[in-house]
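Asks: I'd like to ask some things about the structure below.
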Amino acid sequence: MSEKPAKPHRIVLALGGNALLQRGERPSAEAQRRNLDSAAGVIAALALEHSVVVTHGNGPQVGLLALQTEADPASDPLPLDVLGAQSQGMIGYMIEEALRDRLAGRREVATLLTQVVVDAKDPAFARPTKPIGPVYEEAAARRLAAERGWTVAPDGAHWRRVVPSPEPIRILEIRPLRILLEAGVVAICAGGGGVPVVADPAGGWRGVEAVVDKDLSAALLAEALDADMLLLLTDVDAVYEHFGTKDARPIRRATPDMLRSQAFPAGSMGPKVEAACRFVEGSRSSPRRAWIGALADAAAMIAGRTGTEIIAKA
């Protein structure tokens with residue numbers, strides 16, 4: 001008797017900004033397409049076996065769009081929610097383009113513009129922390145901050161503009177996303193964390209000047225879609241203890257309590273760790289699994305060969 005094939009998983013893949021642009025790389029369409037080609041191969045391989053939802057960052061792109069709109073003296077600068085929607089469409093189109101080539105008609109692909117509800121009273125609006133746009137030397141960053149009214153902060157060895165990043169509460173387009181998944185479509189959604197919106201006193205929703213963290217939105221998305229797995233894909237192969245020091249070592253398996261007992265950088269690994277912890281702590285009866293690791297290692301992570309696996313209990 002032949003062995004019964006394993007049940008396909010529902011997987012949310014969160015692509016880091018490096019999937020499109022390497023740090024300091026010129027943000028041309030050609031460069032982003034080139035970087036996405038390898039990412040598309042990884043995503044397509046999983047999509048042929050599982051139900052896959054793709055989300056992605058937009059930090060470099062939304063920051064560059066902001067620079068472009070501010071540089072036009074003939075028009076008023078566009079707000080961040082509008083620029084976030086622009087970047088969702090642009091990046092979603094590029095991912096679709098790359099995935100369609102790889103899937104060759106074996107799966108349909110669709111991008112859904114996604115809005116994410118945040119709290120208008122979130123204290124994050126008074127404490128900008130989310131890096132966007134290109135990197136600068138400190139002197140240049142401080143000069144731009146003075147000229148343009150930006151808030152800037154260190155980002156590794158460089159400096160970047162930072163903007164408010166409120167907590168995601170709810171994703172408005174969950175019902176159409178479920179329809180896409182039930183039809184076997186590879187869905188691209190919640191790009192850049194989704195367009196942040198708040199409840200309008202007059203009814204409906206209105207956009208706000210912020211960028212939601214894409215990893216926290218990915219955890220919320222995975223929870224709402226009842227996903228089995230959350231893969232937070234970045235440019236390092238695992239979460240490291242004592243990262244950047246001679247004592248650095250990869251963490252291969254951990255619980256939320258173990259990870260939360262350590263400090264991770266707020267602008268990079270911190271949100272990924274918190275997103276993975278939130279997802280595995282969800283209320284569903286069957287266990288959930290989350291991984292943090294390199295984009296190229298996605299299939300190997302699921303097989304337990306690399307990356308950092310986050311589980312609810314030891």
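A note on labels: chains of the structure tokens are A, B, ... as shown, every chain counts residues from 1, and ligands are counted from 1 in their shown order.
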Using only C-alpha atoms, which residues sit within 9 Å of A:Ala238 once same-chain residues fewer than 4 positions away are excluded, as an mmCIF file with N, CA and C atoms, in the first residue's frame?
Replies:
data_model
loop_
_atom_site.group_PDB
_atom_site.id
_atom_site.type_symbol
_atom_site.label_atom_id
_atom_site.label_comp_id
_atom_site.auth_asym_id
_atom_site.auth_seq_id
_atom_site.Cartn_x
_atom_site.Cartn_y
_atom_site.Cartn_z
ATOM 1 N N THR A 234 14.625 36.586 5.829
ATOM 2 C CA THR A 234 15.475 37.763 5.913
ATOM 3 C C THR A 234 16.841 37.454 5.305
ATOM 4 N N PRO A 250 23.976 30.718 16.609
ATOM 5 C CA PRO A 250 22.587 30.640 16.157
ATOM 6 C C PRO A 250 21.698 29.921 17.170
ATOM 7 N N ILE A 251 20.470 30.401 17.298
ATOM 8 C CA ILE A 251 19.449 29.736 18.116
ATOM 9 C C ILE A 251 18.632 28.880 17.165
ATOM 10 N N ARG A 252 18.656 27.589 17.341
ATOM 11 C CA ARG A 252 17.976 26.698 16.398
ATOM 12 C C ARG A 252 16.530 26.407 16.768
ATOM 13 N N TRP A 291 9.229 30.132 11.742
ATOM 14 C CA TRP A 291 10.673 30.103 11.519
ATOM 15 C C TRP A 291 11.165 31.494 11.145
ATOM 16 N N ILE A 292 12.379 31.778 11.516
ATOM 17 C CA ILE A 292 13.089 32.966 11.074
ATOM 18 C C ILE A 292 14.394 32.504 10.460
ATOM 19 N N GLY A 293 14.666 32.957 9.233
ATOM 20 C CA GLY A 293 15.902 32.541 8.586
ATOM 21 C C GLY A 293 16.046 33.136 7.210
ATOM 22 N N ALA A 294 16.996 32.611 6.459
ATOM 23 C CA ALA A 294 17.326 33.160 5.146
ATOM 24 C C ALA A 294 16.295 32.757 4.104
ATOM 25 N N THR A 306 17.527 24.035 9.153
ATOM 26 C CA THR A 306 18.214 25.305 9.359
ATOM 27 C C THR A 306 17.223 26.338 9.889
ATOM 28 N N GLY A 307 17.702 27.563 10.100
ATOM 29 C CA GLY A 307 16.842 28.620 10.620
ATOM 30 C C GLY A 307 16.596 28.477 12.116
ATOM 31 N N THR A 308 15.776 29.379 12.623
ATOM 32 C CA THR A 308 15.343 29.315 14.021
ATOM 33 C C THR A 308 13.869 28.959 14.041
ATOM 34 N N GLU A 309 13.534 27.843 14.676
ATOM 35 C CA GLU A 309 12.143 27.426 14.804
ATOM 36 C C GLU A 309 11.610 27.910 16.143
#
Asks: Just how far from atom CA of A:Gln115 is atom CA of A:Val198, in Å to one decimal?
Replies: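 So the two atoms, atom CA of A:Val198 and atom CA of A:Gln115, lie 9.8 Å apart.
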Asks: Show which residues sit within 10 Å of A:Glu97, as a ChimeraX atom specification. Count only C-alpha atoms, and ignore same-chain residues fewer than 6 positions away.
Replies: /A:33,36-37,40,91,109
Asks: Give the answer as one residue: which of A:Gly156, A:Pro176, A:Gly184, A:Pro131 has the shortest atom-to-atom distance to A:Ala47, using only C-alpha atoms?
Replies: A:Gly184
Asks: If we count only C-alpha atoms, what is near stretch 8-10 of chain A at a cut-off of 8 Å, once residues fewer than 2 positions away on the same chain are taken out, given as a PyMOL selection string?
Replies: chain A and resi 6+12+49-53+226-229
Asks: Do you know which residues are at most 10 Å from A:Ala219 counting only C-alpha atoms, after dropping those on the same chain fewer than 4 positions away, and could you put them as an mmCIF file with N, CA and C atoms, in the first residue's frame?
Replies:
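File produced: out10.cif:
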data_model
loop_
_atom_site.group_PDB
_atom_site.id
_atom_site.type_symbol
_atom_site.label_atom_id
_atom_site.label_comp_id
_atom_site.auth_asym_id
_atom_site.auth_seq_id
_atom_site.Cartn_x
_atom_site.Cartn_y
_atom_site.Cartn_z
ATOM 1 N N VAL A 12 2.194 31.374 5.481
ATOM 2 C CA VAL A 12 2.398 32.794 5.215
ATOM 3 C C VAL A 12 3.894 33.045 5.160
ATOM 4 N N ALA A 14 6.743 35.902 4.780
ATOM 5 C CA ALA A 14 7.001 37.339 4.898
ATOM 6 C C ALA A 14 8.402 37.617 4.369
ATOM 7 N N PRO A 168 -0.688 46.770 14.371
ATOM 8 C CA PRO A 168 -1.816 46.328 13.539
ATOM 9 C C PRO A 168 -2.868 45.621 14.394
ATOM 10 N N LYS A 214 5.822 45.154 8.891
ATOM 11 C CA LYS A 214 5.313 44.068 8.058
ATOM 12 C C LYS A 214 5.354 42.718 8.763
ATOM 13 N N ASP A 215 6.277 42.513 9.704
ATOM 14 C CA ASP A 215 6.339 41.235 10.407
ATOM 15 C C ASP A 215 5.172 41.071 11.376
ATOM 16 N N GLU A 223 -2.608 34.522 11.655
ATOM 17 C CA GLU A 223 -3.620 34.183 12.659
ATOM 18 C C GLU A 223 -5.022 34.233 12.053
ATOM 19 N N ALA A 224 -5.317 35.316 11.328
ATOM 20 C CA ALA A 224 -6.660 35.496 10.773
ATOM 21 C C ALA A 224 -6.983 34.472 9.693
ATOM 22 N N LEU A 225 -5.968 34.009 8.974
ATOM 23 C CA LEU A 225 -6.181 33.025 7.915
ATOM 24 C C LEU A 225 -6.051 31.593 8.416
ATOM 25 N N ALA A 227 -3.427 29.978 9.446
ATOM 26 C CA ALA A 227 -2.276 29.334 8.814
ATOM 27 C C ALA A 227 -1.621 28.343 9.771
ATOM 28 N N MET A 229 1.778 27.665 9.346
ATOM 29 C CA MET A 229 3.177 28.055 9.442
ATOM 30 C C MET A 229 3.353 29.518 9.063
ATOM 31 N N LEU A 230 4.312 30.154 9.728
ATOM 32 C CA LEU A 230 4.719 31.514 9.405
ATOM 33 C C LEU A 230 6.221 31.501 9.188
ATOM 34 N N LEU A 231 6.658 31.928 8.003
ATOM 35 C CA LEU A 231 8.079 31.994 7.686
ATOM 36 C C LEU A 231 8.461 33.463 7.525
ATOM 37 N N LEU A 232 9.354 33.932 8.395
ATOM 38 C CA LEU A 232 9.851 35.304 8.348
ATOM 39 C C LEU A 232 11.240 35.248 7.731
ATOM 40 N N LYS A 272 10.631 40.683 14.172
ATOM 41 C CA LYS A 272 10.490 39.319 13.660
ATOM 42 C C LYS A 272 10.306 38.332 14.809
ATOM 43 N N GLU A 274 9.171 38.990 17.845
ATOM 44 C CA GLU A 274 7.864 39.210 18.469
ATOM 45 C C GLU A 274 6.739 38.661 17.598
ATOM 46 N N ALA A 275 6.834 38.836 16.277
ATOM 47 C CA ALA A 275 5.797 38.326 15.375
ATOM 48 C C ALA A 275 5.714 36.804 15.448
ATOM 49 N N ALA A 276 6.869 36.133 15.434
ATOM 50 C CA ALA A 276 6.874 34.678 15.523
ATOM 51 C C ALA A 276 6.287 34.204 16.842
ATOM 52 N N CYS A 277 6.624 34.894 17.931
ATOM 53 C CA CYS A 277 6.104 34.523 19.248
ATOM 54 C C CYS A 277 4.584 34.670 19.292
ATOM 55 N N ARG A 278 4.078 35.774 18.782
ATOM 56 C CA ARG A 278 2.624 35.993 18.800
ATOM 57 C C ARG A 278 1.890 34.903 18.019
ATOM 58 N N PHE A 279 2.454 34.527 16.880
ATOM 59 C CA PHE A 279 1.773 33.535 16.049
ATOM 60 C C PHE A 279 1.693 32.179 16.736
ATOM 61 N N VAL A 280 2.799 31.693 17.295
ATOM 62 C CA VAL A 280 2.767 30.359 17.900
ATOM 63 C C VAL A 280 1.968 30.341 19.193
ATOM 64 N N GLY A 282 -0.919 31.675 19.457
ATOM 65 C CA GLY A 282 -2.328 31.818 19.099
ATOM 66 C C GLY A 282 -3.204 30.752 19.718
ATOM 67 N N ALA A 290 6.627 28.543 13.598
ATOM 68 C CA ALA A 290 7.174 29.722 12.933
ATOM 69 C C ALA A 290 8.678 29.565 12.798
#
Asks: Could you give me, as a ChimeraX atom specification, each residue of stretch 49-219 of chain A that DSSP assigns to strand (DSSP E or B) when run on this structure's backbone?
Replies: /A:51-56,109-112,115-117,130-136,151-155,158-163,170-171,186-189,195-199,205-207
Asks: Next, the residues of the selection above should be written as a PDB file, in the first residue's frame with C-alpha atoms.
Replies:
ATOM      1  CA  SER A  51      -1.349  26.985   0.057  1.00  0.00           C
ATOM      2  CA  VAL A  52       0.865  30.075   0.117  1.00  0.00           C
ATOM      3  CA  VAL A  53       0.285  33.704   1.055  1.00  0.00           C
ATOM      4  CA  VAL A  54       3.100  36.185   0.394  1.00  0.00           C
ATOM      5  CA  THR A  55       3.641  39.449   2.213  1.00  0.00           C
ATOM      6  CA  HIS A  56       6.623  41.758   1.937  1.00  0.00           C
ATOM      7  CA  VAL A 109      -1.302  34.574  -8.697  1.00  0.00           C
ATOM      8  CA  ALA A 110      -3.082  37.734  -7.498  1.00  0.00           C
ATOM      9  CA  THR A 111      -2.161  40.837  -5.524  1.00  0.00           C
ATOM     10  CA  LEU A 112      -4.760  42.294  -3.173  1.00  0.00           C
ATOM     11  CA  GLN A 115      -5.737  47.916   4.574  1.00  0.00           C
ATOM     12  CA  VAL A 116      -4.805  47.323   8.211  1.00  0.00           C
ATOM     13  CA  VAL A 117      -6.704  48.895  11.089  1.00  0.00           C
ATOM     14  CA  LYS A 130      10.115  52.512  11.636  1.00  0.00           C
ATOM     15  CA  PRO A 131      13.065  53.032   9.230  1.00  0.00           C
ATOM     16  CA  ILE A 132      12.140  53.959   5.654  1.00  0.00           C
ATOM     17  CA  GLY A 133      14.036  55.127   2.579  1.00  0.00           C
ATOM     18  CA  PRO A 134      17.764  55.040   1.846  1.00  0.00           C
ATOM     19  CA  VAL A 135      20.618  54.997   4.344  1.00  0.00           C
ATOM     20  CA  TYR A 136      22.680  58.118   5.107  1.00  0.00           C
ATOM     21  CA  THR A 151      12.931  62.170  12.663  1.00  0.00           C
ATOM     22  CA  VAL A 152      16.135  60.187  12.031  1.00  0.00           C
ATOM     23  CA  ALA A 153      17.810  57.375  13.948  1.00  0.00           C
ATOM     24  CA  PRO A 154      20.747  54.941  13.663  1.00  0.00           C
ATOM     25  CA  ASP A 155      20.181  51.841  11.524  1.00  0.00           C
ATOM     26  CA  HIS A 158      24.156  54.208   9.029  1.00  0.00           C
ATOM     27  CA  TRP A 159      21.194  56.490   9.684  1.00  0.00           C
ATOM     28  CA  ARG A 160      17.678  56.536   8.208  1.00  0.00           C
ATOM     29  CA  ARG A 161      14.444  58.431   8.424  1.00  0.00           C
ATOM     30  CA  VAL A 162      12.010  56.882  10.930  1.00  0.00           C
ATOM     31  CA  VAL A 163       8.207  57.222  10.986  1.00  0.00           C
ATOM     32  CA  ARG A 170      -7.277  43.928  12.086  1.00  0.00           C
ATOM     33  CA  ILE A 171      -6.949  43.286   8.355  1.00  0.00           C
ATOM     34  CA  VAL A 186      -1.154  32.369  -4.533  1.00  0.00           C
ATOM     35  CA  ALA A 187      -2.117  35.615  -2.792  1.00  0.00           C
ATOM     36  CA  ILE A 188       0.215  38.595  -2.372  1.00  0.00           C
ATOM     37  CA  CYS A 189      -1.131  40.943   0.282  1.00  0.00           C
ATOM     38  CA  VAL A 195      -2.100  50.608   4.405  1.00  0.00           C
ATOM     39  CA  PRO A 196      -2.731  51.889   7.954  1.00  0.00           C
ATOM     40  CA  VAL A 197      -6.286  53.112   8.519  1.00  0.00           C
ATOM     41  CA  VAL A 198      -8.281  54.264  11.549  1.00  0.00           C
ATOM     42  CA  ALA A 199     -12.021  54.394  12.155  1.00  0.00           C
ATOM     43  CA  TRP A 205     -11.996  54.277   7.424  1.00  0.00           C
ATOM     44  CA  ARG A 206      -9.329  56.870   6.681  1.00  0.00           C
ATOM     45  CA  GLY A 207      -5.615  56.509   6.104  1.00  0.00           C
TER      46      GLY A 207
END
